[in-house]
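Student: This is model37.csv, which holds CSV, C-alpha atoms:
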chain,number,residue,atom,x,y,z
A,11,MET,CA,24.0,140.0,69.9
A,12,LYS,CA,27.6,141.1,70.2
A,13,ILE,CA,30.3,141.6,72.8
A,14,TYR,CA,32.7,144.6,72.6
A,15,GLU,CA,36.0,143.6,74.1
A,16,THR,CA,39.7,143.5,73.9
A,17,ARG,CA,41.4,140.2,73.1
A,18,THR,CA,44.4,140.7,75.3
A,19,ALA,CA,42.6,142.1,78.4
A,20,PRO,CA,41.9,139.6,81.3
A,21,ASN,CA,38.2,140.5,82.0
A,22,PRO,CA,37.0,139.9,78.4
A,23,ARG,CA,38.8,136.5,78.5
A,24,ARG,CA,36.7,135.5,81.5
A,25,VAL,CA,33.5,136.0,79.4
A,26,ARG,CA,35.0,134.2,76.4
A,27,ILE,CA,35.9,131.1,78.6
A,28,PHE,CA,32.5,131.2,80.2
A,29,LEU,CA,30.7,131.2,76.8
A,30,ALA,CA,33.1,128.5,75.5
A,31,GLU,CA,32.1,126.3,78.5
A,32,LYS,CA,28.5,126.9,77.7
A,33,ASN,CA,29.1,126.4,73.9
A,34,ILE,CA,27.5,129.7,73.1
A,35,ASP,CA,28.7,131.6,70.0
A,36,VAL,CA,28.7,135.4,70.0
A,37,GLU,CA,30.1,138.0,67.7
A,38,TYR,CA,33.1,139.8,69.2
A,39,VAL,CA,34.0,143.4,68.3
A,40,GLN,CA,37.6,144.4,69.1
A,41,LEU,CA,38.4,147.8,70.8
A,42,ASP,CA,41.9,149.2,71.3
A,43,LEU,CA,42.1,150.0,75.1
A,44,GLN,CA,45.3,151.9,75.0
A,45,LYS,CA,44.0,154.2,72.2
A,46,GLY,CA,40.9,154.7,74.4
A,47,GLU,CA,38.4,153.3,71.9
A,48,ASN,CA,36.5,152.0,74.9
A,49,MET,CA,35.9,155.6,76.1
A,50,SER,CA,34.4,157.0,72.8
A,51,SER,CA,31.0,158.6,73.1
A,52,GLN,CA,29.5,155.7,71.2
A,53,MET,CA,30.9,153.2,73.7
A,54,ARG,CA,29.9,155.4,76.7
A,55,ALA,CA,26.3,155.3,75.5
A,56,LYS,CA,26.6,151.5,76.0
A,57,ASN,CA,28.6,151.6,79.2
A,58,PRO,CA,28.9,155.1,80.9
A,59,ILE,CA,32.1,154.1,82.7
A,60,GLY,CA,33.8,153.2,79.5
A,61,LYS,CA,35.1,149.7,80.3
A,62,VAL,CA,35.1,146.4,78.5
A,63,PRO,CA,33.5,143.9,78.0
A,64,VAL,CA,30.1,145.1,77.1
A,65,LEU,CA,27.3,142.8,75.9
A,66,GLU,CA,24.9,144.3,73.4
A,67,LEU,CA,21.6,142.4,72.9
A,68,ASP,CA,19.7,142.4,69.7
A,69,ASP,CA,17.1,144.8,71.2
A,70,GLY,CA,19.8,147.3,72.0
A,71,ASN,CA,20.0,146.6,75.7
A,72,CYS,CA,23.5,146.7,77.0
A,73,ILE,CA,25.0,144.8,80.0
A,74,SER,CA,28.6,145.6,81.2
A,75,GLU,CA,30.6,144.0,84.0
A,76,THR,CA,32.1,140.6,83.4
A,77,VAL,CA,30.2,138.8,86.1
A,78,ALA,CA,26.9,140.4,85.1
A,79,ILE,CA,27.4,139.3,81.5
A,80,CYS,CA,28.2,135.8,82.7
A,81,ARG,CA,25.1,135.9,84.9
A,82,TYR,CA,22.9,136.8,82.0
A,83,PHE,CA,24.1,133.8,80.0
A,84,GLU,CA,23.7,131.5,83.1
A,85,GLU,CA,20.1,132.6,83.3
A,86,VAL,CA,19.2,132.1,79.7
A,87,GLN,CA,21.2,128.9,79.4
A,88,PRO,CA,21.6,127.2,82.8
A,89,ALA,CA,23.5,124.2,81.5
A,90,PRO,CA,26.3,123.5,82.4
A,91,PRO,CA,25.9,125.4,85.6
A,92,LEU,CA,28.9,127.6,86.4
A,93,PHE,CA,27.3,129.6,89.3
A,94,GLY,CA,26.1,126.5,91.2
A,95,THR,CA,22.6,125.0,91.7
A,96,SER,CA,21.6,124.7,95.3
A,97,PRO,CA,21.3,127.9,97.5
A,98,LEU,CA,24.4,126.8,99.5
A,99,GLU,CA,26.5,126.0,96.4
A,100,ARG,CA,25.4,129.3,94.7
A,101,ALA,CA,26.5,131.2,97.8
A,102,ARG,CA,29.8,129.3,98.1
A,103,ILE,CA,30.7,129.9,94.4
A,104,GLU,CA,29.8,133.6,94.7
A,105,MET,CA,32.0,133.8,97.8
A,106,TRP,CA,35.0,132.2,96.1
A,107,GLN,CA,34.5,134.1,92.8
A,108,ARG,CA,34.5,137.3,94.9
A,109,GLN,CA,37.5,136.4,97.1
A,110,VAL,CA,39.5,135.4,94.0
A,111,GLU,CA,38.4,138.6,92.2
A,112,PHE,CA,39.3,141.0,95.1
A,113,GLY,CA,42.3,139.1,96.4
A,114,LEU,CA,44.0,138.1,93.2
A,115,MET,CA,42.4,139.5,90.0
A,116,MET,CA,42.0,143.1,91.1
A,117,GLN,CA,45.3,143.2,92.9
A,118,ILE,CA,47.2,142.0,89.8
A,119,GLY,CA,45.2,144.6,87.8
A,120,MET,CA,46.1,147.4,90.2
A,121,CYS,CA,49.8,146.2,90.3
A,122,PHE,CA,49.8,146.4,86.4
A,123,GLN,CA,48.1,149.8,86.2
A,124,HIS,CA,50.0,151.5,89.0
A,125,THR,CA,53.5,150.1,88.3
A,126,THR,CA,53.5,150.3,84.5
A,127,GLY,CA,51.4,153.5,84.0
A,128,TYR,CA,49.7,151.8,81.0
A,129,PHE,CA,46.6,154.0,81.4
A,130,LYS,CA,48.4,157.1,82.7
A,131,ASP,CA,46.4,159.3,80.3
A,132,ARG,CA,43.2,158.5,82.3
A,133,MET,CA,44.4,157.7,85.9
A,134,THR,CA,47.1,158.6,88.3
A,135,PRO,CA,49.5,155.7,88.8
A,136,ILE,CA,51.0,155.4,92.3
A,137,LYS,CA,53.9,153.0,92.0
A,138,GLU,CA,54.2,152.3,95.7
A,139,TYR,CA,50.5,151.2,95.8
A,140,GLY,CA,51.0,149.1,92.7
A,141,GLU,CA,53.8,147.2,94.4
A,142,GLU,CA,51.7,146.7,97.5
A,143,ALA,CA,48.9,145.3,95.4
A,144,GLY,CA,51.3,142.8,93.9
A,145,LYS,CA,52.3,141.7,97.4
A,146,ILE,CA,48.7,141.2,98.3
A,147,ALA,CA,48.1,139.1,95.2
A,148,THR,CA,51.2,136.9,95.9
A,149,SER,CA,49.9,136.4,99.5
A,150,TYR,CA,46.5,135.5,98.3
A,151,LEU,CA,47.9,132.6,96.2
A,152,LYS,CA,48.8,131.0,99.6
A,153,GLN,CA,45.1,131.0,100.5
A,154,LEU,CA,44.2,129.3,97.2
A,155,GLU,CA,47.0,126.7,97.7
A,156,ARG,CA,45.4,125.7,101.0
A,157,GLN,CA,41.9,125.6,99.5
A,158,LEU,CA,43.1,123.5,96.5
A,159,ALA,CA,44.8,121.0,98.9
A,160,GLU,CA,41.3,119.9,99.9
A,161,ASN,CA,39.2,120.7,96.9
A,162,GLU,CA,39.5,119.7,93.2
A,163,PHE,CA,38.2,123.1,92.1
A,164,ILE,CA,38.3,126.5,93.8
A,165,ALA,CA,34.8,126.5,95.0
A,166,GLY,CA,34.6,122.7,95.8
A,167,ASP,CA,33.7,119.7,93.7
A,168,SER,CA,32.7,121.3,90.4
A,169,PHE,CA,34.3,123.7,87.9
A,170,SER,CA,32.8,127.2,88.3
A,171,ILE,CA,33.2,130.8,87.4
A,172,ALA,CA,35.6,131.0,90.4
A,173,ASP,CA,38.1,128.8,88.4
A,174,ILE,CA,37.7,131.0,85.3
A,175,THR,CA,38.4,134.2,87.3
A,176,ALA,CA,41.5,132.5,88.9
A,177,LEU,CA,42.8,131.2,85.6
A,178,CYS,CA,42.6,134.6,83.9
A,179,ALA,CA,44.2,136.3,86.9
A,180,VAL,CA,47.1,133.8,87.1
A,181,ASP,CA,47.8,134.1,83.4
A,182,PHE,CA,47.6,137.9,83.4
A,183,GLY,CA,49.9,137.9,86.5
A,184,ARG,CA,52.8,137.1,84.2
A,185,VAL,CA,52.9,140.7,82.9
A,186,VAL,CA,53.9,141.8,86.4
A,187,LYS,CA,55.9,138.7,87.2
A,188,ILE,CA,53.4,137.2,89.7
A,189,ARG,CA,53.4,133.4,89.3
A,190,ILE,CA,52.4,130.3,91.2
A,191,SER,CA,55.6,129.1,92.9
A,192,GLU,CA,57.0,125.6,92.3
A,193,GLU,CA,56.3,124.6,95.9
A,194,GLN,CA,52.6,125.4,95.4
A,195,SER,CA,51.8,121.9,94.2
A,196,ASN,CA,48.1,122.0,94.6
A,197,LEU,CA,47.9,125.3,92.6
A,198,GLN,CA,50.2,123.8,90.0
A,199,ARG,CA,47.9,120.7,89.7
A,200,TRP,CA,44.8,122.9,89.4
A,201,TYR,CA,46.5,125.2,86.9
A,202,GLN,CA,47.5,122.3,84.6
A,203,GLN,CA,44.0,120.9,84.8
A,204,ILE,CA,42.1,124.1,84.1
A,205,SER,CA,44.5,125.2,81.4
A,206,ALA,CA,44.0,121.9,79.6
A,207,ARG,CA,40.2,122.5,79.2
A,208,PRO,CA,39.4,123.5,75.6
A,209,SER,CA,37.7,126.7,76.9
A,210,ALA,CA,41.1,128.0,78.2
A,211,LYS,CA,42.1,128.7,74.6
A,212,ALA,CA,39.1,131.0,74.1
B,18,MET,CA,22.1,130.5,112.2
B,19,LYS,CA,24.2,133.5,113.1
B,20,ILE,CA,26.1,136.3,111.5
B,21,TYR,CA,29.5,137.5,112.8
B,22,GLU,CA,29.8,141.2,112.1
B,23,THR,CA,30.7,144.6,113.3
B,24,ARG,CA,27.9,147.1,113.9
B,25,THR,CA,29.8,150.2,112.6
B,26,ALA,CA,31.3,148.7,109.5
B,27,PRO,CA,29.7,149.3,106.1
B,28,ASN,CA,29.6,145.8,104.7
B,29,PRO,CA,27.8,144.1,107.6
B,30,ARG,CA,25.2,146.9,107.3
B,31,ARG,CA,24.5,145.9,103.7
B,32,VAL,CA,23.6,142.4,105.0
B,33,ARG,CA,21.4,143.8,107.9
B,34,ILE,CA,19.5,146.0,105.5
B,35,PHE,CA,19.1,143.2,103.0
B,36,LEU,CA,17.6,140.9,105.7
B,37,ALA,CA,15.4,143.7,107.1
B,38,GLU,CA,13.9,144.1,103.6
B,39,LYS,CA,13.2,140.4,103.5
B,40,ASN,CA,12.0,140.4,107.1
B,41,ILE,CA,14.4,137.6,108.1
B,42,ASP,CA,15.6,137.5,111.8
B,43,VAL,CA,19.2,136.3,112.5
B,44,GLU,CA,21.3,136.3,115.6
B,45,TYR,CA,24.2,138.8,115.3
B,46,VAL,CA,27.6,138.3,117.0
B,47,GLN,CA,29.7,141.4,117.4
B,48,LEU,CA,33.5,141.4,116.7
B,49,ASP,CA,35.8,144.3,117.4
B,50,LEU,CA,37.6,144.9,114.1
B,51,GLN,CA,40.2,147.3,115.4
B,52,LYS,CA,41.2,144.8,118.1
B,53,GLY,CA,41.5,142.2,115.3
B,54,GLU,CA,38.9,139.8,116.7
B,55,ASN,CA,37.9,139.0,113.1
B,56,MET,CA,41.4,137.5,112.6
B,57,SER,CA,41.4,135.1,115.5
B,58,SER,CA,42.1,131.4,114.6
B,59,GLN,CA,38.5,130.7,115.5
B,60,MET,CA,37.2,133.2,113.0
B,61,ARG,CA,39.8,132.2,110.3
B,62,ALA,CA,38.4,128.7,110.5
B,63,LYS,CA,35.1,130.3,109.4
B,64,ASN,CA,36.6,132.7,106.9
B,65,PRO,CA,40.3,132.2,106.0
B,66,ILE,CA,40.8,135.8,105.0
B,67,GLY,CA,39.5,137.1,108.3
B,68,LYS,CA,36.9,139.6,107.2
B,69,VAL,CA,33.3,140.3,108.3
B,70,PRO,CA,30.5,139.6,107.8
B,71,VAL,CA,30.4,135.8,108.0
B,72,LEU,CA,27.2,133.7,108.0
B,73,GLU,CA,27.3,130.5,110.0
B,74,LEU,CA,24.5,128.1,109.2
B,75,ASP,CA,23.1,125.6,111.8
B,76,ASP,CA,25.0,122.7,110.1
B,77,GLY,CA,28.3,124.6,110.6
B,78,ASN,CA,28.7,125.7,106.9
B,79,CYS,CA,30.1,129.2,106.7
B,80,ILE,CA,29.6,131.8,103.9
B,81,SER,CA,31.5,135.0,103.8
B,82,GLU,CA,31.4,138.0,101.4
B,83,THR,CA,28.5,140.4,101.8
B,84,VAL,CA,27.0,139.7,98.4
B,85,ALA,CA,27.4,135.9,98.7
B,86,ILE,CA,25.5,136.0,102.0
B,87,CYS,CA,22.7,138.1,100.4
B,88,ARG,CA,22.6,135.7,97.5
B,89,TYR,CA,22.1,132.8,99.9
B,90,PHE,CA,19.1,134.5,101.5
B,91,GLU,CA,17.7,135.5,98.1
B,92,GLU,CA,17.8,131.8,97.0
B,93,VAL,CA,16.2,130.5,100.2
B,94,GLN,CA,13.6,133.3,100.3
B,95,PRO,CA,13.1,134.9,96.9
B,96,ALA,CA,10.4,137.4,98.0
B,97,PRO,CA,10.8,140.3,97.8
B,98,PRO,CA,13.3,139.9,95.0
B,99,LEU,CA,16.4,142.1,95.6
B,100,PHE,CA,18.5,140.6,92.8
B,101,GLY,CA,15.8,140.9,90.1
B,102,THR,CA,13.7,138.2,88.4
B,103,SER,CA,14.1,138.1,84.6
B,104,PRO,CA,17.5,137.3,83.1
B,105,LEU,CA,17.9,140.8,81.8
B,106,GLU,CA,16.9,142.4,85.2
B,107,ARG,CA,19.2,140.1,87.1
B,108,ALA,CA,22.1,141.0,84.9
B,109,ARG,CA,21.3,144.7,85.1
B,110,ILE,CA,21.1,144.6,88.9
B,111,GLU,CA,24.3,142.7,89.1
B,112,MET,CA,25.9,145.3,86.7
B,113,TRP,CA,24.8,148.2,88.9
B,114,GLN,CA,25.6,146.5,92.2
B,115,ARG,CA,29.1,145.9,90.9
B,116,GLN,CA,29.7,149.3,89.4
B,117,VAL,CA,28.5,150.9,92.7
B,118,GLU,CA,30.6,148.6,94.7
B,119,PHE,CA,33.8,149.2,92.7
B,120,GLY,CA,33.3,152.8,91.8
B,121,LEU,CA,32.0,154.0,95.2
B,122,MET,CA,32.0,151.5,98.1
B,123,MET,CA,35.5,150.2,97.6
B,124,GLN,CA,37.0,153.6,96.7
B,125,ILE,CA,35.5,155.1,99.9
B,126,GLY,CA,36.9,152.0,101.8
B,127,MET,CA,40.3,152.5,100.3
B,128,CYS,CA,40.2,156.2,101.0
B,129,PHE,CA,39.4,155.5,104.6
B,130,GLN,CA,42.0,152.7,105.1
B,131,HIS,CA,44.8,154.5,103.3
B,132,THR,CA,44.3,158.0,104.6
B,133,THR,CA,43.5,157.2,108.3
B,134,GLY,CA,45.8,154.2,108.8
B,135,TYR,CA,42.9,152.6,110.8
B,136,PHE,CA,44.3,149.1,110.0
B,137,LYS,CA,47.9,150.0,109.9
B,138,ASP,CA,48.8,146.9,112.1
B,139,ARG,CA,47.7,144.6,109.2
B,140,MET,CA,48.3,146.6,106.0
B,141,THR,CA,50.5,149.4,104.5
B,142,PRO,CA,48.6,152.6,104.2
B,143,ILE,CA,49.6,154.8,101.2
B,144,LYS,CA,48.1,158.2,101.8
B,145,GLU,CA,48.5,159.4,98.2
B,146,TYR,CA,46.6,156.4,96.9
B,147,GLY,CA,43.9,156.9,99.6
B,148,GLU,CA,43.4,160.5,98.4
B,149,GLU,CA,43.2,159.3,94.8
B,150,ALA,CA,40.6,156.7,95.7
B,151,GLY,CA,38.5,159.5,97.3
B,152,LYS,CA,38.6,161.4,94.1
B,153,ILE,CA,37.4,158.4,92.1
B,154,ALA,CA,34.5,158.0,94.5
B,155,THR,CA,33.5,161.6,94.2
B,156,SER,CA,33.7,161.3,90.4
B,157,TYR,CA,31.5,158.2,90.4
B,158,LEU,CA,28.8,160.1,92.2
B,159,LYS,CA,28.3,162.0,89.0
B,160,GLN,CA,27.6,158.8,87.2
B,161,LEU,CA,24.9,157.9,89.7
B,162,GLU,CA,23.4,161.4,89.5
B,163,ARG,CA,22.9,160.9,85.7
B,164,GLN,CA,21.5,157.4,86.2
B,165,LEU,CA,19.0,158.6,88.9
B,166,ALA,CA,17.9,161.5,86.6
B,167,GLU,CA,16.2,158.8,84.5
B,168,ASN,CA,15.5,156.0,87.0
B,169,GLU,CA,13.7,155.9,90.4
B,170,PHE,CA,16.2,153.4,91.7
B,171,ILE,CA,19.8,152.7,90.8
B,172,ALA,CA,19.2,149.7,88.7
B,173,GLY,CA,15.9,150.9,87.2
B,174,ASP,CA,12.3,150.6,88.4
B,175,SER,CA,12.7,148.6,91.5
B,176,PHE,CA,14.6,148.7,94.8
B,177,SER,CA,17.5,146.3,94.7
B,178,ILE,CA,20.8,145.3,96.3
B,179,ALA,CA,22.4,148.1,94.2
B,180,ASP,CA,20.5,150.7,96.3
B,181,ILE,CA,21.6,149.0,99.5
B,182,THR,CA,25.3,149.1,98.5
B,183,ALA,CA,25.0,152.7,97.4
B,184,LEU,CA,23.3,153.8,100.6
B,185,CYS,CA,25.9,152.1,102.8
B,186,ALA,CA,28.7,153.6,100.7
B,187,VAL,CA,27.2,157.1,100.9
B,188,ASP,CA,26.7,157.0,104.6
B,189,PHE,CA,30.1,155.6,105.3
B,190,GLY,CA,31.6,158.3,103.0
B,191,ARG,CA,31.0,160.8,105.8
B,192,VAL,CA,34.0,159.5,107.7
B,193,VAL,CA,36.2,160.7,104.8
B,194,LYS,CA,34.1,163.8,104.0
B,195,ILE,CA,32.7,162.4,100.7
B,196,ARG,CA,29.2,163.5,100.3
B,197,ILE,CA,26.4,164.0,97.8
B,198,SER,CA,26.6,167.7,96.7
B,199,GLU,CA,23.7,170.0,97.0
B,200,GLU,CA,23.5,170.3,93.2
B,201,GLN,CA,23.1,166.6,92.8
B,202,SER,CA,19.3,166.8,93.2
B,203,ASN,CA,18.6,163.3,91.8
B,204,LEU,CA,21.0,161.7,94.2
B,205,GLN,CA,19.5,163.8,97.0
B,206,ARG,CA,16.0,162.7,96.1
B,207,TRP,CA,17.1,159.1,96.0
B,208,TYR,CA,19.0,159.3,99.3
B,209,GLN,CA,16.0,160.8,101.1
B,210,GLN,CA,13.8,158.0,99.7
B,211,ILE,CA,16.1,155.1,100.5
B,212,SER,CA,17.0,156.5,104.0
B,213,ALA,CA,13.3,156.7,104.9
B,214,ARG,CA,12.8,152.9,104.4
B,215,PRO,CA,12.5,151.1,107.7
B,216,SER,CA,15.4,148.8,106.7
B,217,ALA,CA,17.8,151.7,106.6
B,218,LYS,CA,17.8,151.7,110.4
B,219,ALA,CA,19.0,148.1,110.5
Any chance you could put this one into structure tokens?

Tutor:
Amino acid sequence: MKIYETRTAPNPRRVRIFLAEKNIDVEYVQLDLQKGENMSSQMRAKNPIGKVPVLELDDGNCISETVAICRYFEEVQPAPPLFGTSPLERARIEMWQRQVEFGLMMQIGMCFQHTTGYFKDRMTPIKEYGEEAGKIATSYLKQLERQLAENEFIAGDSFSIADITALCAVDFGRVVKIRISEEQSNLQRWYQQISARPSAKA
Amino acid sequence: MKIYETRTAPNPRRVRIFLAEKNIDVEYVQLDLQKGENMSSQMRAKNPIGKVPVLELDDGNCISETVAICRYFEEVQPAPPLFGTSPLERARIEMWQRQVEFGLMMQIGMCFQHTTGYFKDRMTPIKEYGEEAGKIATSYLKQLERQLAENEFIAGDSFSIADITALCAVDFGRVVKIRISEEQSNLQRWYQQISARPSAKA
């Protein structure tokens, strides 16, 4: 079993943290995204859309998409649960994981890709859109600040995949100067707490 | 139990089809998106980001995000399974559901929002970006055509939430003139088959 990934990219980090929380060891194979190693014919046979991370099982089956890879490991090793246990908790964690992904993670990613032109060999950067995406991300942090005023973790009482997504988004936000503000004390408290977990170093 | 939604919007339709497949009856409450009824203080108490659909349970708990609502019903009524059963199948369905959502559904949505200015009272439309998103959606249809050449359904041998997402995306694509081409015979075959299911009328 191995995972093809790129150490510096935010999505692969989500999987590494998830696996560290579950204490699962996997072999990691590094790909250079800027050189396009993720889009080789060999990698496209594993994931046709040429993105990382990709999990390759020992029988050759491949699973891509960060959350799908995490889901696989949640299914084969449920403890500790990171997607919730009861139907309501599972739905609530999925809701928060998605809202954080769409409202923060993706917006920061779009801001990065469209304002820096990092992948301009394979997409058309539109600077104005990148700047708009950055504003949406900054605005979404206010939603999280409100949620964390009343909850220890993003989806409620327990650490979940939603916290992992948010941590990786916030840390990656630095590259486009999107940060938690000093006044956002609940986000600051949450960030210190999540960053101090051993998994955050994964 | 009720679902706040908008009949003509593509995401609520995903939930209606999902529930029709599971033969679950729910009360639907209509909101006018263009008038912003989804962003009233009453609705923001149910979903702070003011989007539809929102599921309100009898105890007052609310779940938003299409896939989170579907997940809730999958958990409380597993049959027929629409998210898969084995760990590998669940991961594969999640992978396809996400790739279709990001590669097709969201791109069509961005194309619609940014080229038509339908929500220009609450967002900044950037026409050039909307056109680019439309190209990404059209390009992603080629990926699906290849996948459906070797599989009856999008995620493999069984109908799943990935097919629901793709159907709703393809149908909504008409508003921005994104369509399956005549040469995409596998997509055409799949589209006829999925559209003919009674749930597609939901």

Student: Grab the CA of Thr16 (chain A) to CA of Lys45 (chain A) distance for me, in Å with one decimal place.

Tutor: 11.7 Å

Student: Using only C-alpha atoms, can you tell me which of A:Ala19, A:Leu41, A:Ala143, A:Ala172 comes closest to Glu99 (chain A)?

Tutor: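 Closest to Glu99 (chain A) of all the choices is A:Ala172.
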
Student: Taking only C-alpha atoms into account, which residues of chain A are within 6 Å of chain B, as a PyMOL selection string?

Tutor: chain A and resi 75+78+81-82+85+97+101+104-105

Student: What is the distance, in Å and to one decimal place, between CA of Met11 (chain A) and CA of Asp68 (chain A)?

Tutor: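 Value for the CA of Met11 (chain A)-CA of Asp68 (chain A) distance: 4.9 Å.
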
Student: Write out as a PDB file with C-alpha atoms, in the frame of the given file which residues come within 10 Å of Asn21 (chain A) when counting all atoms listed in the file, dropping same-chain ones fewer than 5 positions away.

Tutor:
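Dumped everything to result03.pdb:
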ATOM      1  CA  GLU A  15      36.000 143.600  74.100  1.00  0.00           C
ATOM      2  CA  THR A  16      39.700 143.500  73.900  1.00  0.00           C
ATOM      3  CA  ARG A  26      35.000 134.200  76.400  1.00  0.00           C
ATOM      4  CA  LYS A  61      35.100 149.700  80.300  1.00  0.00           C
ATOM      5  CA  VAL A  62      35.100 146.400  78.500  1.00  0.00           C
ATOM      6  CA  PRO A  63      33.500 143.900  78.000  1.00  0.00           C
ATOM      7  CA  GLU A  75      30.600 144.000  84.000  1.00  0.00           C
ATOM      8  CA  THR A  76      32.100 140.600  83.400  1.00  0.00           C
ATOM      9  CA  VAL A  77      30.200 138.800  86.100  1.00  0.00           C
ATOM     10  CA  MET A 115      42.400 139.500  90.000  1.00  0.00           C
ATOM     11  CA  GLY A 119      45.200 144.600  87.800  1.00  0.00           C
ATOM     12  CA  THR A 175      38.400 134.200  87.300  1.00  0.00           C
ATOM     13  CA  CYS A 178      42.600 134.600  83.900  1.00  0.00           C
ATOM     14  CA  ALA A 179      44.200 136.300  86.900  1.00  0.00           C
ATOM     15  CA  PHE A 182      47.600 137.900  83.400  1.00  0.00           C
TER      16      PHE A 182
END

Student: Complete region 93-99 of chain A at the level of all heavy atoms, written as an mmCIF file, in the coordinates of the input.

Tutor:
data_model
loop_
_atom_site.group_PDB
_atom_site.id
_atom_site.type_symbol
_atom_site.label_atom_id
_atom_site.label_comp_id
_atom_site.auth_asym_id
_atom_site.auth_seq_id
_atom_site.Cartn_x
_atom_site.Cartn_y
_atom_site.Cartn_z
ATOM 1 N N PHE A 93 27.524 128.789 88.060
ATOM 2 C CA PHE A 93 27.300 129.600 89.300
ATOM 3 C C PHE A 93 26.696 128.698 90.375
ATOM 4 O O PHE A 93 26.233 129.218 91.379
ATOM 5 C CB PHE A 93 26.336 130.731 89.004
ATOM 6 C CG PHE A 93 26.924 131.947 88.329
ATOM 7 C CD1 PHE A 93 26.873 132.111 86.955
ATOM 8 C CD2 PHE A 93 27.512 132.965 89.087
ATOM 9 C CE1 PHE A 93 27.388 133.249 86.343
ATOM 10 C CE2 PHE A 93 28.028 134.116 88.483
ATOM 11 C CZ PHE A 93 27.977 134.252 87.097
ATOM 12 N N GLY A 94 26.636 127.381 90.156
ATOM 13 C CA GLY A 94 26.100 126.500 91.200
ATOM 14 C C GLY A 94 24.576 126.265 90.981
ATOM 15 O O GLY A 94 23.930 126.918 90.154
ATOM 16 N N THR A 95 24.023 125.326 91.770
ATOM 17 C CA THR A 95 22.600 125.000 91.700
ATOM 18 C C THR A 95 21.852 125.207 92.986
ATOM 19 O O THR A 95 20.927 125.994 93.051
ATOM 20 C CB THR A 95 22.374 123.602 91.082
ATOM 21 O OG1 THR A 95 23.203 122.687 91.784
ATOM 22 C CG2 THR A 95 22.719 123.543 89.608
ATOM 23 N N SER A 96 22.270 124.540 94.054
ATOM 24 C CA SER A 96 21.600 124.700 95.300
ATOM 25 C C SER A 96 21.899 126.081 95.932
ATOM 26 O O SER A 96 22.914 126.695 95.569
ATOM 27 C CB SER A 96 21.986 123.623 96.318
ATOM 28 O OG SER A 96 23.298 123.889 96.781
ATOM 29 N N PRO A 97 21.052 126.574 96.865
ATOM 30 C CA PRO A 97 21.300 127.900 97.500
ATOM 31 C C PRO A 97 22.745 127.914 98.134
ATOM 32 O O PRO A 97 23.483 128.883 97.949
ATOM 33 C CB PRO A 97 20.262 127.980 98.587
ATOM 34 C CG PRO A 97 19.098 127.242 98.018
ATOM 35 C CD PRO A 97 19.717 126.067 97.286
ATOM 36 N N LEU A 98 23.130 126.839 98.840
ATOM 37 C CA LEU A 98 24.400 126.800 99.500
ATOM 38 C C LEU A 98 25.569 126.865 98.466
ATOM 39 O O LEU A 98 26.544 127.599 98.606
ATOM 40 C CB LEU A 98 24.579 125.621 100.419
ATOM 41 C CG LEU A 98 25.896 125.556 101.192
ATOM 42 C CD1 LEU A 98 26.075 126.769 102.103
ATOM 43 C CD2 LEU A 98 25.969 124.260 102.024
ATOM 44 N N GLU A 99 25.412 126.059 97.402
ATOM 45 C CA GLU A 99 26.500 126.000 96.400
ATOM 46 C C GLU A 99 26.552 127.359 95.647
ATOM 47 O O GLU A 99 27.642 127.846 95.349
ATOM 48 C CB GLU A 99 26.145 124.885 95.386
ATOM 49 C CG GLU A 99 27.344 124.506 94.526
ATOM 50 C CD GLU A 99 26.970 123.599 93.355
ATOM 51 O OE1 GLU A 99 25.765 123.423 93.053
ATOM 52 O OE2 GLU A 99 27.887 123.075 92.729
#
